[in-house]
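**Student:** Here it is, the structure in full.
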Amino acid sequence: MGVAARAAPPPDLAAARPLGRRAAVRRPLVLVAGAGALLLVVVVVGAALGAVAVPLDQTAAILGRRLLGLPFAVTWPASAETIVLELRLPRVLTAMVVGGGLAVTGAALQGLLRNPLADPYVLGTSSGAALGAAIGILIPFRVLFLDFGLVHVLAFAGALAAVLTVERLSRRGTLASLTGLLLTGYAVSSLLAAGLALVMYASGQSLRQIFFFLLGSFDGSTWLRLAGAAPIVLVGVLLIALRARALNALLLGEDGAAHLGLEVGRERTILLVLASLVTAAGVAVSGLIGFVGLVVPHAVRLLVGPNARAVVPASLVMGAAFLGLADLVSRLAGEIPVGVVTAIVGAPFFLYLLGRARTGYEL
Amino acid sequence: MTAVVSRPGELAASGTVASLTPYALEATDLWFDYGGRGPGGDPDRLPALRGVDLRVTHGERLVLVGPNGAGKSTLLRCLTGLLRPTRGQVTLDGIPVDELSRAAIASRVAVVPQQVTLPFAMPVEDVVALGRIPHEDPLLGLRPEDRAAVLRAMGSVGIARFARRDARQLSLGERQLVLLATALAQETPILLLDEPTVHLDLRHQVATMELLGRLGESEGTTVLAVLHDLHLAAHFFPRIAVLHEGRIVADGPPREVLTEDLVRGVFGVDPAVVRLHVAG
């Protein structure tokens, strides 16, 4: 049998339409303005509401006058200013910075590991941080530097140490594949979780404190702590955003990315270090907050598609807004742990997304 | 051992990269041994490549055939620098491949893999646009000329009509065309294809083969394809190299290469069953 038939050239060229109809590409200004407005609303509402509500107009006026120097005709009591500027604003901003950071690291790790189930904690960050924090809580003396105690420092160090261990262990194979990295992460996490269980078992009266760290909270946020964590998170997020091209290339897999000109090993290390720093900084100020880093990137991809140039900035905005509002709910509901709120809101939303995946556009 | 077919007359300009030698792609005495760690993990196993010599001139179209396990995929991975050969050397445009950065290789060689699993839903045109990564603006992404190249690539493969569909919901054959378009969008002087037609129906197999032929003629693209289908290989390629147990056992025009003895010896089938129709 010979292949002698000549196929007609597919009459397809005419059907081609111009690229770039996606909103993220065509209307960047509108999107940036919308994102800014969304974040502003979250800041104002978050600073206004709580155990003692400050009227929205007063909150806006306090923020506008004190932070931006805008002339507002509204007057307010001194107590309102203290509540808004000293108690609520650092807390709202911390929640937003951490939320944005977690969402961006989640997006980056999902892309790097090519695994939709990856989140900022997947490579051992959470268990390392938890073990570090638990040990910090058990150590009986207290040191404080820039409002950071032993708990925060050890949580930060534990998170980084865990990821570094995972990274080193996964390099032992000849071809350190991303799957190997993921599996090593699970193994090391399990080991650290056992260590955490042991520490909790031996912790006696400190158990409650450790437990609260595991659930996450912005209760103790201060300007100084924010000043310590925010630069790490924001610079890390910026550097991740600048590696969007690498994340895009990795959509085609490790070999595909290499064929597109990517030094896969180097990019992998850079992205891992950045993601770990951002996560560790977030964990140190707020404890473990789940679901933000898993769900927000997926929601963002449904909105803007998988192009990392859009996913990373959109994740920053959506993550910040989501955790800012989740913390507000946590405060209004009598200081229930914010990790509980994100899970209560996040899990049904995630199920909804999975439901959509069966009917139409997949995740 | 190897019949080197070099045709000085076909010394076509190879696009963007200045040519230093007549060879777009040259492998010299290439050995590769997975050792005890590779597939199978058997230390007694023969090296995957055992002294492969292959010279491909600019603009040439070459098809690589061979039974499963002959070393075709290993050879492709060595040619693109993903695997470092145990012995021997690969050069692209006369430059050793291990002296080239990944970016420099990506500007010379595009690879069409057999299959890719996308981690997220993705419109076809966005997948094809990934082929522009070596060319696009590092920070801002696609420039107008990149978008034009994406449209051209989709048009020439015939997938523009489902540009907006989710690439993960296409059939295997359609996805293979998407990967071909992605590699075409890369606009490299050399195109390597790893069984590009394995999931395609007959019409698209023929269309793809003809497209590869047109690329060679109009763009001077050097094409090296791995194929399992000896009919397609013999009909559409002027030169065929047969890889068997890590060596190239025959290399030349199909009429000379695909003898009854070779089909029986290498592929272990009765030549009467195959009855190859060889291009004149």
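Labeling convention for the structure tokens: chains A, B, ... as they appear, residues from 1 per chain, ligands from 1 in order of appearance.
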For a quick test of understanding: name the residues of chain B lying within 8 Å of chain A when counting only C-alpha atoms, and present them as number ranges by chain.
**Tutor:** B: 80, 82, 101-107, 109-111, 113, 116-122, 125-126, 130-131, 133-134, 138-141, 147, 151-152, 154-161, 163, 166, 203-204, 206-207, 231-232, 235, 274-277
**Student:** Excluding B:Leu46 and residues on its chain fewer than 5 positions from it, collect all residues at most 10 Å away from it, counting only C-alpha atoms, and give them as a PyMOL selection string.
**Tutor:** chain B and resi 32-35+245-246
**Student:** Would you export the selected residues with N, CA and C atoms as an mmCIF file, in the first residue's frame, please?
**Tutor:**
data_model
loop_
_atom_site.group_PDB
_atom_site.id
_atom_site.type_symbol
_atom_site.label_atom_id
_atom_site.label_comp_id
_atom_site.auth_asym_id
_atom_site.auth_seq_id
_atom_site.Cartn_x
_atom_site.Cartn_y
_atom_site.Cartn_z
ATOM 1 N N PHE B 32 26.189 6.766 23.841
ATOM 2 C CA PHE B 32 25.492 7.127 25.078
ATOM 3 C C PHE B 32 25.132 5.867 25.851
ATOM 4 N N ASP B 33 25.476 5.912 27.129
ATOM 5 C CA ASP B 33 25.236 4.749 27.995
ATOM 6 C C ASP B 33 24.434 5.204 29.202
ATOM 7 N N TYR B 34 23.250 4.628 29.354
ATOM 8 C CA TYR B 34 22.447 4.967 30.529
ATOM 9 C C TYR B 34 23.015 4.312 31.787
ATOM 10 N N GLY B 35 23.973 3.404 31.610
ATOM 11 C CA GLY B 35 24.533 2.704 32.760
ATOM 12 C C GLY B 35 23.472 1.853 33.419
ATOM 13 N N GLU B 245 19.939 -0.988 17.242
ATOM 14 C CA GLU B 245 20.782 -1.310 18.390
ATOM 15 C C GLU B 245 21.884 -0.270 18.582
ATOM 16 N N GLY B 246 21.527 1.001 18.480
ATOM 17 C CA GLY B 246 22.466 2.079 18.785
ATOM 18 C C GLY B 246 23.428 2.431 17.668
#
**Student:** Compile the contact shell of B:Val65 as a list in words: residues with an atom at most 8 Å away, counting only C-alpha atoms, same-chain residues fewer than 6 positions apart removed.
**Tutor:**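 Skipping anything fewer than 6 positions along the chain leaves Lys72, Val226, Leu227, His228, Leu230, Ala233, Ile240, Ala241, Val242 and Leu243 of chain B.
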**Student:** Output N, CA and C atoms for every residue in that selection, as a PDB file, in the first residue's frame.
**Tutor:**
ATOM      1  N   LYS B  72      16.493   5.884  19.018  1.00  0.00           N
ATOM      2  CA  LYS B  72      16.084   7.088  18.294  1.00  0.00           C
ATOM      3  C   LYS B  72      15.859   8.270  19.246  1.00  0.00           C
ATOM      4  N   VAL B 226      11.792  11.532  13.236  1.00  0.00           N
ATOM      5  CA  VAL B 226      11.720  10.118  13.589  1.00  0.00           C
ATOM      6  C   VAL B 226      10.337   9.625  13.191  1.00  0.00           C
ATOM      7  N   LEU B 227      10.270   8.565  12.404  1.00  0.00           N
ATOM      8  CA  LEU B 227       8.979   8.022  12.005  1.00  0.00           C
ATOM      9  C   LEU B 227       8.977   6.515  12.219  1.00  0.00           C
ATOM     10  N   HIS B 228       7.808   5.987  12.535  1.00  0.00           N
ATOM     11  CA  HIS B 228       7.677   4.537  12.592  1.00  0.00           C
ATOM     12  C   HIS B 228       7.122   3.989  11.291  1.00  0.00           C
ATOM     13  N   LEU B 230       7.153   3.224   7.788  1.00  0.00           N
ATOM     14  CA  LEU B 230       8.134   3.149   6.706  1.00  0.00           C
ATOM     15  C   LEU B 230       7.555   3.644   5.391  1.00  0.00           C
ATOM     16  N   ALA B 233       7.854   7.348   5.477  1.00  0.00           N
ATOM     17  CA  ALA B 233       9.279   7.663   5.429  1.00  0.00           C
ATOM     18  C   ALA B 233       9.810   7.517   4.008  1.00  0.00           C
ATOM     19  N   ILE B 240      16.978   8.531   4.107  1.00  0.00           N
ATOM     20  CA  ILE B 240      16.479   7.754   5.244  1.00  0.00           C
ATOM     21  C   ILE B 240      17.669   7.108   5.955  1.00  0.00           C
ATOM     22  N   ALA B 241      17.701   7.246   7.280  1.00  0.00           N
ATOM     23  CA  ALA B 241      18.755   6.615   8.071  1.00  0.00           C
ATOM     24  C   ALA B 241      18.097   5.594   8.993  1.00  0.00           C
ATOM     25  N   VAL B 242      18.697   4.431   9.089  1.00  0.00           N
ATOM     26  CA  VAL B 242      18.115   3.350   9.891  1.00  0.00           C
ATOM     27  C   VAL B 242      18.987   3.138  11.123  1.00  0.00           C
ATOM     28  N   LEU B 243      18.363   3.291  12.282  1.00  0.00           N
ATOM     29  CA  LEU B 243      19.072   3.094  13.539  1.00  0.00           C
ATOM     30  C   LEU B 243      18.686   1.727  14.087  1.00  0.00           C
TER      31      LEU B 243
END
**Student:** Please run DSSP on the backbone and report, as number ranges by chain, all residues within stretch 134-350 of chain A that come out as alpha helix (DSSP H).
**Tutor:** A: 134-138, 150-170, 178-201, 207-215, 223-241, 244-249, 253-259, 264-286, 292-304, 308-332, 338-350
**Student:** Show me, as a list in words, the residues that have an atom within 9 Å of B:Glu136 when counting only C-alpha atoms, minus same-chain residues fewer than 5 positions from it.
**Tutor:**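 Result of the neighbour search: Gly141, Leu142, Arg143, Glu145 and Asp146 of chain B.
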**Student:** Out of stretch 173-253 of chain B, which residues get strand (DSSP E) from DSSP, as a ChimeraX atom specification?
**Tutor:** /B:190-194,222-226,239-244,247-252
**Student:** List the neighbours of stretch 175-177 of chain B out to 7 Å using only C-alpha atoms; skip same-chain residues closer than 3 positions along the sequence, and give me the result as a list in words.
**Tutor:** Gln115, Val157, Ala167, Leu170, Ser171, Leu172, Leu180, Ala181 and Pro196 of chain B
**Student:** For the residues in the current selection, export N, CA and C atoms as an mmCIF file, in the first residue's frame.
**Tutor:**
data_model
loop_
_atom_site.group_PDB
_atom_site.id
_atom_site.type_symbol
_atom_site.label_atom_id
_atom_site.label_comp_id
_atom_site.auth_asym_id
_atom_site.auth_seq_id
_atom_site.Cartn_x
_atom_site.Cartn_y
_atom_site.Cartn_z
ATOM 1 N N GLN B 115 4.212 13.953 22.638
ATOM 2 C CA GLN B 115 3.023 14.387 23.363
ATOM 3 C C GLN B 115 3.444 15.220 24.564
ATOM 4 N N VAL B 157 -0.362 24.796 9.608
ATOM 5 C CA VAL B 157 -0.683 23.451 10.094
ATOM 6 C C VAL B 157 -2.177 23.163 9.962
ATOM 7 N N ALA B 167 -6.761 23.406 24.588
ATOM 8 C CA ALA B 167 -5.889 22.407 23.968
ATOM 9 C C ALA B 167 -6.015 21.048 24.644
ATOM 10 N N LEU B 170 -8.744 18.654 23.024
ATOM 11 C CA LEU B 170 -8.643 18.232 21.629
ATOM 12 C C LEU B 170 -8.346 16.737 21.563
ATOM 13 N N SER B 171 -8.519 16.187 20.372
ATOM 14 C CA SER B 171 -8.133 14.791 20.174
ATOM 15 C C SER B 171 -6.608 14.703 20.154
ATOM 16 N N LEU B 172 -6.103 13.490 20.306
ATOM 17 C CA LEU B 172 -4.647 13.296 20.303
ATOM 18 C C LEU B 172 -4.025 13.837 19.021
ATOM 19 N N LEU B 180 3.076 20.701 16.617
ATOM 20 C CA LEU B 180 3.811 21.006 15.386
ATOM 21 C C LEU B 180 3.788 22.517 15.127
ATOM 22 N N ALA B 181 2.606 23.125 15.303
ATOM 23 C CA ALA B 181 2.493 24.571 15.084
ATOM 24 C C ALA B 181 3.367 25.336 16.085
ATOM 25 N N PRO B 196 5.980 12.591 14.583
ATOM 26 C CA PRO B 196 4.969 13.647 14.532
ATOM 27 C C PRO B 196 3.623 13.186 13.992
#
**Student:** Quick one: everything within 12 Å of B:Pro96, counting only C-alpha atoms, minus sequence neighbours fewer than 2 positions away in the same chain. Send it as a ChimeraX atom specification.
**Tutor:** /B:24-28,78-81,84-85,88-94,98-101,104-105
**Student:** Do you have the atom CA of A:Ala47-atom CA of A:Leu102 distance handy?
**Tutor:** 21.6 Å
**Student:** Could you check which of A:Leu178, A:Leu271, A:Pro90, A:Leu67 is closest to A:Gly46, using only C-alpha atoms?
**Tutor:**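 Answer, going by the shortest atom-to-atom distance: A:Pro90.
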